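The data block below is query31.cif; it holds mmCIF, C-alpha atoms and all ligand atoms.
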data_upload
loop_
_atom_site.label_atom_id
_atom_site.label_comp_id
_atom_site.auth_asym_id
_atom_site.auth_seq_id
_atom_site.Cartn_x
_atom_site.Cartn_y
_atom_site.Cartn_z
CA MET A 225 100.08 93.58 79.03
CA ILE A 226 101.61 95.53 81.89
CA TYR A 227 100.77 99.16 82.60
CA ALA A 228 101.94 101.79 85.07
CA VAL A 229 100.35 104.97 86.41
CA SER A 230 101.29 107.10 89.40
CA ASP A 231 100.06 109.88 91.66
CA ILE A 232 96.32 109.39 91.18
CA HIS A 233 95.88 111.48 94.36
CA GLY A 234 92.35 110.52 95.21
CA ARG A 235 90.83 111.00 91.77
CA TRP A 236 88.44 108.07 91.98
CA GLU A 237 86.69 108.82 88.67
CA LYS A 238 90.04 108.78 86.80
CA TYR A 239 90.96 105.48 88.45
CA ARG A 240 87.58 103.97 87.49
CA ALA A 241 87.86 105.25 83.92
CA LEU A 242 91.35 103.76 83.69
CA LEU A 243 90.23 100.32 84.87
CA GLU A 244 87.24 100.39 82.54
CA ARG A 245 89.40 101.27 79.58
CA LEU A 246 92.00 98.61 80.39
CA SER A 247 89.44 95.85 80.94
CA ARG A 248 87.74 96.77 77.67
CA GLU A 249 90.91 96.90 75.56
CA ASP A 250 93.10 94.32 77.31
CA PRO A 251 91.16 92.12 79.78
CA ASP A 252 94.33 90.34 80.99
CA TYR A 253 96.03 93.54 82.05
CA THR A 254 98.33 94.00 85.03
CA LEU A 255 98.42 97.52 86.45
CA TYR A 256 101.04 99.02 88.75
CA LEU A 257 100.10 102.07 90.81
CA LEU A 258 103.40 103.79 91.60
CA GLY A 259 102.31 105.40 94.83
CA ASP A 260 100.48 108.54 95.97
CA SER A 261 97.10 107.07 95.17
CA ILE A 262 95.75 108.95 98.23
CA ASP A 263 95.54 112.60 99.42
CA ARG A 264 94.59 115.89 97.73
CA ASP A 265 91.27 114.74 96.21
CA LYS A 266 88.83 112.73 98.30
CA GLY A 267 88.73 109.24 96.74
CA GLY A 268 92.07 107.81 97.88
CA CYS A 269 90.71 105.37 100.47
CA ARG A 270 88.11 104.19 97.97
CA ILE A 271 90.89 103.59 95.44
CA LEU A 272 92.96 101.56 97.92
CA LEU A 273 89.92 99.55 99.09
CA ASP A 274 89.23 98.68 95.47
CA ALA A 275 92.84 98.01 94.44
CA MET A 276 93.47 95.62 97.36
CA LYS A 277 90.73 93.31 96.05
CA ARG A 278 92.28 93.05 92.60
CA PRO A 279 95.18 90.61 92.19
CA ASN A 280 96.09 92.29 88.87
CA VAL A 281 96.46 95.76 90.45
CA ILE A 282 99.67 96.22 92.42
CA SER A 283 100.23 99.25 94.64
CA LEU A 284 103.71 100.52 95.41
CA LEU A 285 104.42 102.85 98.32
CA GLY A 286 104.50 106.61 97.73
CA ASN A 287 105.53 109.31 100.16
CA HIS A 288 101.86 110.05 100.86
CA GLU A 289 101.14 106.42 101.79
CA PHE A 290 104.31 106.54 103.88
CA SER A 291 102.91 109.55 105.80
CA ALA A 292 99.66 107.66 106.29
CA ALA A 293 101.56 104.63 107.60
CA VAL A 294 103.40 106.85 110.08
CA CYS A 295 100.29 108.69 111.31
CA LEU A 296 97.43 106.20 111.12
CA PRO A 297 98.47 103.68 113.79
CA TRP A 298 98.38 106.55 116.23
CA LEU A 299 95.32 108.35 114.82
CA LEU A 300 93.22 105.18 114.62
CA GLN A 301 93.63 104.28 118.28
CA ASP A 302 90.82 104.79 120.76
CA VAL A 303 91.29 107.91 122.86
CA THR A 304 92.22 106.80 126.36
CA GLU A 305 94.27 108.33 129.13
CA GLU A 306 97.15 106.14 128.07
CA THR A 307 97.03 107.06 124.37
CA LEU A 308 96.60 110.75 125.21
CA SER A 309 99.62 110.74 127.48
CA ALA A 310 101.65 109.26 124.60
CA VAL A 311 101.03 112.35 122.45
CA ASP A 312 104.32 114.04 121.73
CA GLN A 313 105.50 116.85 119.50
CA GLU A 314 107.06 114.48 116.97
CA ARG A 315 103.70 112.79 116.34
CA ILE A 316 101.85 116.07 116.14
CA THR A 317 104.39 117.38 113.63
CA SER A 318 104.10 114.31 111.41
CA VAL A 319 100.30 114.63 111.34
CA GLN A 320 100.53 118.38 110.63
CA GLU A 321 102.92 117.72 107.76
CA TRP A 322 100.67 115.03 106.33
CA ILE A 323 97.62 117.34 106.49
CA PHE A 324 99.65 120.19 104.99
CA ASN A 325 100.60 117.90 102.08
CA GLY A 326 97.00 116.99 101.25
CA GLY A 327 96.21 114.35 103.89
CA ALA A 328 93.12 116.16 105.18
CA SER A 329 90.93 114.65 102.46
CA THR A 330 92.13 111.14 103.32
CA LEU A 331 91.47 111.71 107.04
CA GLU A 332 88.01 113.00 106.20
CA GLU A 333 87.32 109.93 104.08
CA LEU A 334 88.58 107.61 106.83
CA ARG A 335 86.02 109.03 109.25
CA GLU A 336 83.27 107.59 107.07
CA LEU A 337 84.78 104.09 107.09
CA ASN A 338 84.20 101.31 109.59
CA ARG A 339 86.90 99.84 111.78
CA GLN A 340 87.57 96.88 109.46
CA GLU A 341 87.98 99.12 106.43
CA LYS A 342 90.38 101.43 108.27
CA ALA A 343 92.43 98.44 109.44
CA ALA A 344 92.40 96.99 105.92
CA ILE A 345 93.79 100.24 104.48
CA LEU A 346 96.58 100.40 107.04
CA ASP A 347 97.48 96.73 106.47
CA TYR A 348 97.45 97.25 102.72
CA ILE A 349 99.80 100.24 102.96
CA ARG A 350 102.15 98.36 105.31
CA ASP A 351 102.36 95.54 102.77
CA MET A 352 103.26 97.80 99.85
CA ASP A 353 106.66 97.29 98.26
CA VAL A 354 108.80 100.33 97.45
CA TYR A 355 109.88 99.01 94.08
CA ALA A 356 109.01 96.37 91.49
CA GLU A 357 111.29 94.83 88.87
CA VAL A 358 109.32 94.05 85.73
CA GLU A 359 110.18 92.49 82.37
CA ALA A 360 107.93 93.48 79.47
CA GLY A 361 108.30 93.69 75.72
CA GLY A 362 111.89 92.44 75.94
CA ARG A 363 112.91 95.29 78.28
CA SER A 364 113.68 95.49 82.00
CA PHE A 365 112.06 98.10 84.20
CA LEU A 366 112.42 99.23 87.76
CA LEU A 367 109.20 100.83 88.97
CA THR A 368 109.34 103.14 92.00
CA HIS A 369 107.47 106.17 93.29
CA ALA A 370 110.18 108.81 92.86
CA GLY A 371 113.01 107.18 90.93
CA LEU A 372 116.18 106.07 92.65
CA ASP A 373 118.46 108.44 94.52
CA HIS A 374 122.12 107.63 95.18
CA PHE A 375 122.33 105.07 92.39
CA GLN A 376 125.45 102.93 92.51
CA PRO A 377 125.76 100.11 89.94
CA GLU A 378 127.34 97.69 92.44
CA LYS A 379 124.65 98.18 95.10
CA ASP A 380 121.78 95.70 95.54
CA LEU A 381 118.30 97.18 95.40
CA GLU A 382 117.55 95.91 98.91
CA ASP A 383 120.42 98.00 100.25
CA TYR A 384 118.98 101.40 99.31
CA ALA A 385 117.34 103.48 102.02
CA LEU A 386 113.56 104.00 101.94
CA PRO A 387 113.88 107.74 101.13
CA ASP A 388 115.90 106.86 98.00
CA PHE A 389 112.69 105.49 96.47
CA LEU A 390 110.21 108.03 97.84
CA PHE A 391 111.50 111.58 97.69
CA GLY A 392 113.78 112.11 94.67
CA ARG A 393 113.13 115.30 92.76
CA ALA A 394 115.72 116.19 90.12
CA PHE A 395 114.98 114.34 86.89
CA ALA A 396 118.44 115.10 85.47
CA GLU A 397 120.10 113.36 88.43
CA GLN A 398 118.18 110.10 88.14
CA ARG A 399 120.53 107.31 87.06
CA PHE A 400 120.08 103.62 86.37
CA TYR A 401 121.71 100.68 84.59
CA GLU A 402 122.36 101.17 80.91
CA GLY A 403 119.74 99.44 78.80
CA GLU A 404 117.24 99.24 81.68
CA PHE A 405 114.45 101.65 82.44
CA LEU A 406 113.60 103.50 85.61
CA VAL A 407 109.88 104.37 85.68
CA PHE A 408 108.59 106.77 88.32
CA GLY A 409 106.14 109.51 89.27
CA HIS A 410 106.20 111.91 92.25
CA THR A 411 107.28 115.04 90.39
CA PRO A 412 104.65 116.27 87.91
CA THR A 413 106.18 116.28 84.46
CA ARG A 414 105.11 119.94 83.98
CA GLU A 415 107.63 120.63 86.78
CA ILE A 416 110.32 118.49 85.12
CA HIS A 417 109.80 120.43 81.89
CA ARG A 418 110.40 123.62 83.88
CA GLN A 419 113.57 122.10 85.39
CA LEU A 420 114.74 121.36 81.85
CA GLY A 421 113.93 124.87 80.63
CA GLN A 422 111.02 123.68 78.49
CA SER A 423 107.42 124.83 78.42
CA PRO A 424 105.34 122.88 80.97
CA VAL A 425 103.21 120.12 79.43
CA ASP A 426 101.43 117.27 81.22
CA ASN A 427 102.91 114.42 79.19
CA VAL A 428 105.01 111.36 79.95
CA ILE A 429 108.71 112.19 79.59
CA PHE A 430 111.06 109.62 78.04
CA GLY A 431 114.71 110.08 78.97
CA GLU A 432 117.50 107.82 77.76
CA ASN A 433 116.72 105.12 80.33
CA LYS A 434 114.20 106.82 82.57
CA ILE A 435 110.52 107.55 82.15
CA ALA A 436 108.62 110.09 84.25
CA ILE A 437 104.88 109.44 84.29
CA ASP A 438 103.25 111.80 86.83
CA CYS A 439 101.14 113.96 84.54
CA ALA A 440 99.74 116.04 87.41
CA CYS A 441 96.51 114.09 87.93
CA GLY A 442 96.37 115.55 91.45
CA TYR A 443 96.57 119.15 90.26
CA ASP A 444 94.25 121.53 88.42
CA GLY A 445 94.19 120.86 84.70
CA GLY A 446 96.43 117.80 85.03
CA ARG A 447 95.80 114.34 83.69
CA LEU A 448 96.54 110.70 84.39
CA GLY A 449 99.17 109.22 82.08
CA CYS A 450 99.18 105.45 81.60
CA LEU A 451 102.33 103.82 80.24
CA ASN A 452 102.13 100.44 78.51
CA LEU A 453 105.42 98.76 79.47
CA ASN A 454 105.20 96.21 76.64
CA THR A 455 104.95 98.79 73.86
CA LEU A 456 105.98 102.07 75.58
CA ALA A 457 102.74 103.57 74.24
CA VAL A 458 100.98 106.09 76.46
CA PHE A 459 97.38 107.16 76.81
CA TYR A 460 95.90 109.91 78.94
CA LEU A 461 92.73 110.31 80.96
MN MN B 1 104.98 111.75 95.78
#

For this file, produce the structure as structure tokens.
Ligand SMILES: [Mn+2]
Amino acid sequence: MIYAVSDIHGRWEKYRALLERLSREDPDYTLYLLGDSIDRDKGGCRILLDAMKRPNVISLLGNHEFSAAVCLPWLLQDVTEETLSAVDQERITSVQEWIFNGGASTLEELRELNRQEKAAILDYIRDMDVYAEVEAGGRSFLLTHAGLDHFQPEKDLEDYALPDFLFGRAFAEQRFYEGEFLVFGHTPTREIHRQLGQSPVDNVIFGENKIAIDCACGYDGGRLGCLNLNTLAVFYL
């Protein structure tokens, strides 16, 4: 069966526990990671290095991987006169923003890796798709990191801008085709509950045709929610 989780944010032990549970209960599983596997906690690189070796684990791009893709080509270069003279304020700002958003742990982890591993992580991130269309259990799903901003029924998915998949925030404004399901993370569901005037709980939220699955794994007291796309059942770690 096909499963989706998002926003693991470096929690290696949760990722391992998830894979162990899936391989025990459903050895033929396919798992989508809907972005933000890195940053905040310190196991993000380890997660990506593991996921890239598994053909049944598919990583989509999150805004944190996007920040890494912007910063790493520059940060991973050797320091030479030429590379130093190319330092500009724009690059410094993008690195500062990444660190401010939790990238420090990923940079720390990268320092422990060899050149091949660093290059493999950057290549893996550059290859990540921003969305996946999936059929399961007789339903159609669009999986993205943050939903889909600026939805227009007549527009092809390839014609949306990258930020439309990576930065959306307001759950109430997320729209998609009738009878199909938009599945996304990015905003912890405790925050969506607050937006909706409800008490904050770390559970998967089912809207009419949208499902929010970031159960705050990257935050204190949060958990990882795993959605089974075939049955719409959820379990938590
Ligand atoms: Mn995010």

Name the residues in contact with A:Pro412 at a cut-off of 9 Å, using only C-alpha atoms, excluding same-chain residues fewer than 5 positions from it; report them as a list of chain:residue names. A:Asp231, A:His417, A:Asp426, A:Ala436, A:Ile437, A:Asp438, A:Cys439, A:Ala440, A:Cys441, A:Tyr443, A:Gly446

Got time to write the residues from that selection, C-alpha atoms, as a PDB file, keeping the file's coordinate frame?
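What landed in result.pdb:
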ATOM      1  CA  ASP A 231     100.060 109.880  91.660  1.00  0.00           C
ATOM      2  CA  HIS A 417     109.800 120.430  81.890  1.00  0.00           C
ATOM      3  CA  ASP A 426     101.430 117.270  81.220  1.00  0.00           C
ATOM      4  CA  ALA A 436     108.620 110.090  84.250  1.00  0.00           C
ATOM      5  CA  ILE A 437     104.880 109.440  84.290  1.00  0.00           C
ATOM      6  CA  ASP A 438     103.250 111.800  86.830  1.00  0.00           C
ATOM      7  CA  CYS A 439     101.140 113.960  84.540  1.00  0.00           C
ATOM      8  CA  ALA A 440      99.740 116.040  87.410  1.00  0.00           C
ATOM      9  CA  CYS A 441      96.510 114.090  87.930  1.00  0.00           C
ATOM     10  CA  TYR A 443      96.570 119.150  90.260  1.00  0.00           C
ATOM     11  CA  GLY A 446      96.430 117.800  85.030  1.00  0.00           C
TER      12      GLY A 446
END

Close residues, A:Gly449 itself excluded, 8 Å, all atoms listed in the file, min 6 positions apart in chain, as a PyMOL selection string: chain A and resi 229-230+427-428+437-439+458-461

Please write the residues from the selection above to a file, keeping C-alpha atoms, as a PDB file, keeping the file's coordinate frame.
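The new file part33.pdb reads:
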ATOM      1  CA  VAL A 229     100.350 104.970  86.410  1.00  0.00           C
ATOM      2  CA  SER A 230     101.290 107.100  89.400  1.00  0.00           C
ATOM      3  CA  ASN A 427     102.910 114.420  79.190  1.00  0.00           C
ATOM      4  CA  VAL A 428     105.010 111.360  79.950  1.00  0.00           C
ATOM      5  CA  ILE A 437     104.880 109.440  84.290  1.00  0.00           C
ATOM      6  CA  ASP A 438     103.250 111.800  86.830  1.00  0.00           C
ATOM      7  CA  CYS A 439     101.140 113.960  84.540  1.00  0.00           C
ATOM      8  CA  VAL A 458     100.980 106.090  76.460  1.00  0.00           C
ATOM      9  CA  PHE A 459      97.380 107.160  76.810  1.00  0.00           C
ATOM     10  CA  TYR A 460      95.900 109.910  78.940  1.00  0.00           C
ATOM     11  CA  LEU A 461      92.730 110.310  80.960  1.00  0.00           C
TER      12      LEU A 461
END

Could you please extract the residues within 12 Å of ligand MN 1 (chain B), counting only C-alpha atoms and all ligand atoms, and hand them back as a short mmCIF file (atom, residue, chain, number, x, y, z; two decimals) with C-alpha atoms, in the frame of the given file?
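Generated output (out-v3.cif):
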data_model
loop_
_atom_site.label_atom_id
_atom_site.label_comp_id
_atom_site.auth_asym_id
_atom_site.auth_seq_id
_atom_site.Cartn_x
_atom_site.Cartn_y
_atom_site.Cartn_z
CA SER A 230 101.29 107.10 89.40
CA ASP A 231 100.06 109.88 91.66
CA ILE A 232 96.32 109.39 91.18
CA HIS A 233 95.88 111.48 94.36
CA LEU A 257 100.10 102.07 90.81
CA LEU A 258 103.40 103.79 91.60
CA GLY A 259 102.31 105.40 94.83
CA ASP A 260 100.48 108.54 95.97
CA SER A 261 97.10 107.07 95.17
CA ILE A 262 95.75 108.95 98.23
CA ASP A 263 95.54 112.60 99.42
CA ARG A 264 94.59 115.89 97.73
CA LEU A 284 103.71 100.52 95.41
CA LEU A 285 104.42 102.85 98.32
CA GLY A 286 104.50 106.61 97.73
CA ASN A 287 105.53 109.31 100.16
CA HIS A 288 101.86 110.05 100.86
CA GLU A 289 101.14 106.42 101.79
CA PHE A 290 104.31 106.54 103.88
CA SER A 291 102.91 109.55 105.80
CA TRP A 322 100.67 115.03 106.33
CA ASN A 325 100.60 117.90 102.08
CA GLY A 326 97.00 116.99 101.25
CA THR A 368 109.34 103.14 92.00
CA HIS A 369 107.47 106.17 93.29
CA ALA A 370 110.18 108.81 92.86
CA GLY A 371 113.01 107.18 90.93
CA PRO A 387 113.88 107.74 101.13
CA PHE A 389 112.69 105.49 96.47
CA LEU A 390 110.21 108.03 97.84
CA PHE A 391 111.50 111.58 97.69
CA GLY A 392 113.78 112.11 94.67
CA ARG A 393 113.13 115.30 92.76
CA PHE A 408 108.59 106.77 88.32
CA GLY A 409 106.14 109.51 89.27
CA HIS A 410 106.20 111.91 92.25
CA THR A 411 107.28 115.04 90.39
CA PRO A 412 104.65 116.27 87.91
CA ILE A 437 104.88 109.44 84.29
CA ASP A 438 103.25 111.80 86.83
CA ALA A 440 99.74 116.04 87.41
CA CYS A 441 96.51 114.09 87.93
CA GLY A 442 96.37 115.55 91.45
#

Mind giving me the straight-line distance from atom CA of A:Gly234 to atom CA of A:Lys266 in Å, one decimal?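 Spanning atom CA of A:Gly234 to atom CA of A:Lys266 is a straight-line distance of 5.2 Å.
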
If you measure from atom CA of A:Leu366 to atom CA of A:Cys295, what distance in Å do you get, rounded to one decimal?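 Atom-to-atom, atom CA of A:Leu366 to atom CA of A:Cys295, that is 28.1 Å.
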
When distances are computed from all atoms listed in the file, which of A:Glu402, A:Glu249, A:Phe395, A:Arg339 shows the smallest separation from A:Asp302?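 Smallest distance to A:Asp302 is found for A:Arg339.
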
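Distance annotation: of A:Ser423, A:Thr413, A:Gln320, A:Thr304, the residue with the minimal separation from A:Leu448 is A:Thr413; atom set is only C-alpha atoms.
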
Residue among A:Gln419, A:Tyr401, A:Thr330, A:Ile271 lying closest to A:Gln376, counting only C-alpha atoms: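 Closest to A:Gln376, using only C-alpha atoms: A:Tyr401.
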
Among the residues A:Leu299, A:Leu406, A:Met225, A:Leu246, the one that comes closest to A:Phe365 [using all atoms listed in the file]: A:Leu406

Between A:Ile435, A:Ala457, A:Leu300, A:Val319, which residue has the minimum interatomic distance to A:Leu337, considering only C-alpha atoms?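 Result for the nearest residue to A:Leu337: A:Leu300.
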
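Distances from A:Met276, A:Val311, A:Ala396, A:Ile282 to A:Ile226 were compared using only C-alpha atoms, and the smallest one belongs to A:Ile282.
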
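In this model, the gap between atom CA of A:Asp252 and atom CA of A:Val358 comes to 16.2 Å.
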
Saving stretch 265-279 of chain A with N, CA, C and O atoms, as an mmCIF file, in the first residue's frame, what would that file be?
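Written output follows (result04.cif):
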data_model
loop_
_atom_site.group_PDB
_atom_site.id
_atom_site.type_symbol
_atom_site.label_atom_id
_atom_site.label_comp_id
_atom_site.auth_asym_id
_atom_site.auth_seq_id
_atom_site.Cartn_x
_atom_site.Cartn_y
_atom_site.Cartn_z
ATOM 1 N N ASP A 265 15.944 19.005 14.084
ATOM 2 C CA ASP A 265 16.698 17.969 14.793
ATOM 3 C C ASP A 265 17.862 17.516 13.903
ATOM 4 O O ASP A 265 17.924 17.879 12.730
ATOM 5 N N LYS A 266 18.751 16.691 14.454
ATOM 6 C CA LYS A 266 20.051 16.517 13.788
ATOM 7 C C LYS A 266 20.208 15.271 12.914
ATOM 8 O O LYS A 266 21.322 14.920 12.548
ATOM 9 N N GLY A 267 19.111 14.615 12.523
ATOM 10 C CA GLY A 267 19.260 13.398 11.713
ATOM 11 C C GLY A 267 18.836 13.532 10.260
ATOM 12 O O GLY A 267 18.676 12.534 9.553
ATOM 13 N N GLY A 268 18.647 14.761 9.784
ATOM 14 C CA GLY A 268 18.095 14.956 8.438
ATOM 15 C C GLY A 268 18.954 14.387 7.317
ATOM 16 O O GLY A 268 18.456 13.760 6.382
ATOM 17 N N CYS A 269 20.270 14.604 7.406
ATOM 18 C CA CYS A 269 21.163 14.087 6.353
ATOM 19 C C CYS A 269 21.143 12.561 6.370
ATOM 20 O O CYS A 269 21.136 11.922 5.314
ATOM 21 N N ARG A 270 21.121 12.010 7.582
ATOM 22 C CA ARG A 270 21.072 10.552 7.712
ATOM 23 C C ARG A 270 19.789 10.005 7.084
ATOM 24 O O ARG A 270 19.802 8.975 6.413
ATOM 25 N N ILE A 271 18.688 10.714 7.280
ATOM 26 C CA ILE A 271 17.414 10.299 6.684
ATOM 27 C C ILE A 271 17.518 10.326 5.157
ATOM 28 O O ILE A 271 17.147 9.371 4.477
ATOM 29 N N LEU A 272 18.052 11.415 4.608
ATOM 30 C CA LEU A 272 18.140 11.515 3.146
ATOM 31 C C LEU A 272 19.097 10.466 2.579
ATOM 32 O O LEU A 272 18.813 9.869 1.537
ATOM 33 N N LEU A 273 20.216 10.236 3.266
ATOM 34 C CA LEU A 273 21.179 9.231 2.783
ATOM 35 C C LEU A 273 20.554 7.835 2.782
ATOM 36 O O LEU A 273 20.869 7.001 1.937
ATOM 37 N N ASP A 274 19.670 7.598 3.731
ATOM 38 C CA ASP A 274 18.976 6.307 3.775
ATOM 39 C C ASP A 274 17.877 6.247 2.705
ATOM 40 O O ASP A 274 17.778 5.274 1.959
ATOM 41 N N ALA A 275 17.071 7.298 2.642
ATOM 42 C CA ALA A 275 15.922 7.296 1.718
ATOM 43 C C ALA A 275 16.372 7.151 0.263
ATOM 44 O O ALA A 275 15.710 6.483 -0.537
ATOM 45 N N MET A 276 17.504 7.769 -0.090
ATOM 46 C CA MET A 276 17.944 7.742 -1.498
ATOM 47 C C MET A 276 18.318 6.333 -1.956
ATOM 48 O O MET A 276 18.328 6.056 -3.142
ATOM 49 N N LYS A 277 18.587 5.447 -0.995
ATOM 50 C CA LYS A 277 18.949 4.064 -1.363
ATOM 51 C C LYS A 277 17.728 3.172 -1.494
ATOM 52 O O LYS A 277 17.845 2.001 -1.848
ATOM 53 N N ARG A 278 16.560 3.680 -1.148
ATOM 54 C CA ARG A 278 15.354 2.853 -1.142
ATOM 55 C C ARG A 278 14.440 3.247 -2.299
ATOM 56 O O ARG A 278 13.844 4.327 -2.281
ATOM 57 N N PRO A 279 14.274 2.341 -3.272
ATOM 58 C CA PRO A 279 13.397 2.673 -4.407
ATOM 59 C C PRO A 279 11.930 2.829 -4.003
ATOM 60 O O PRO A 279 11.168 3.474 -4.723
#
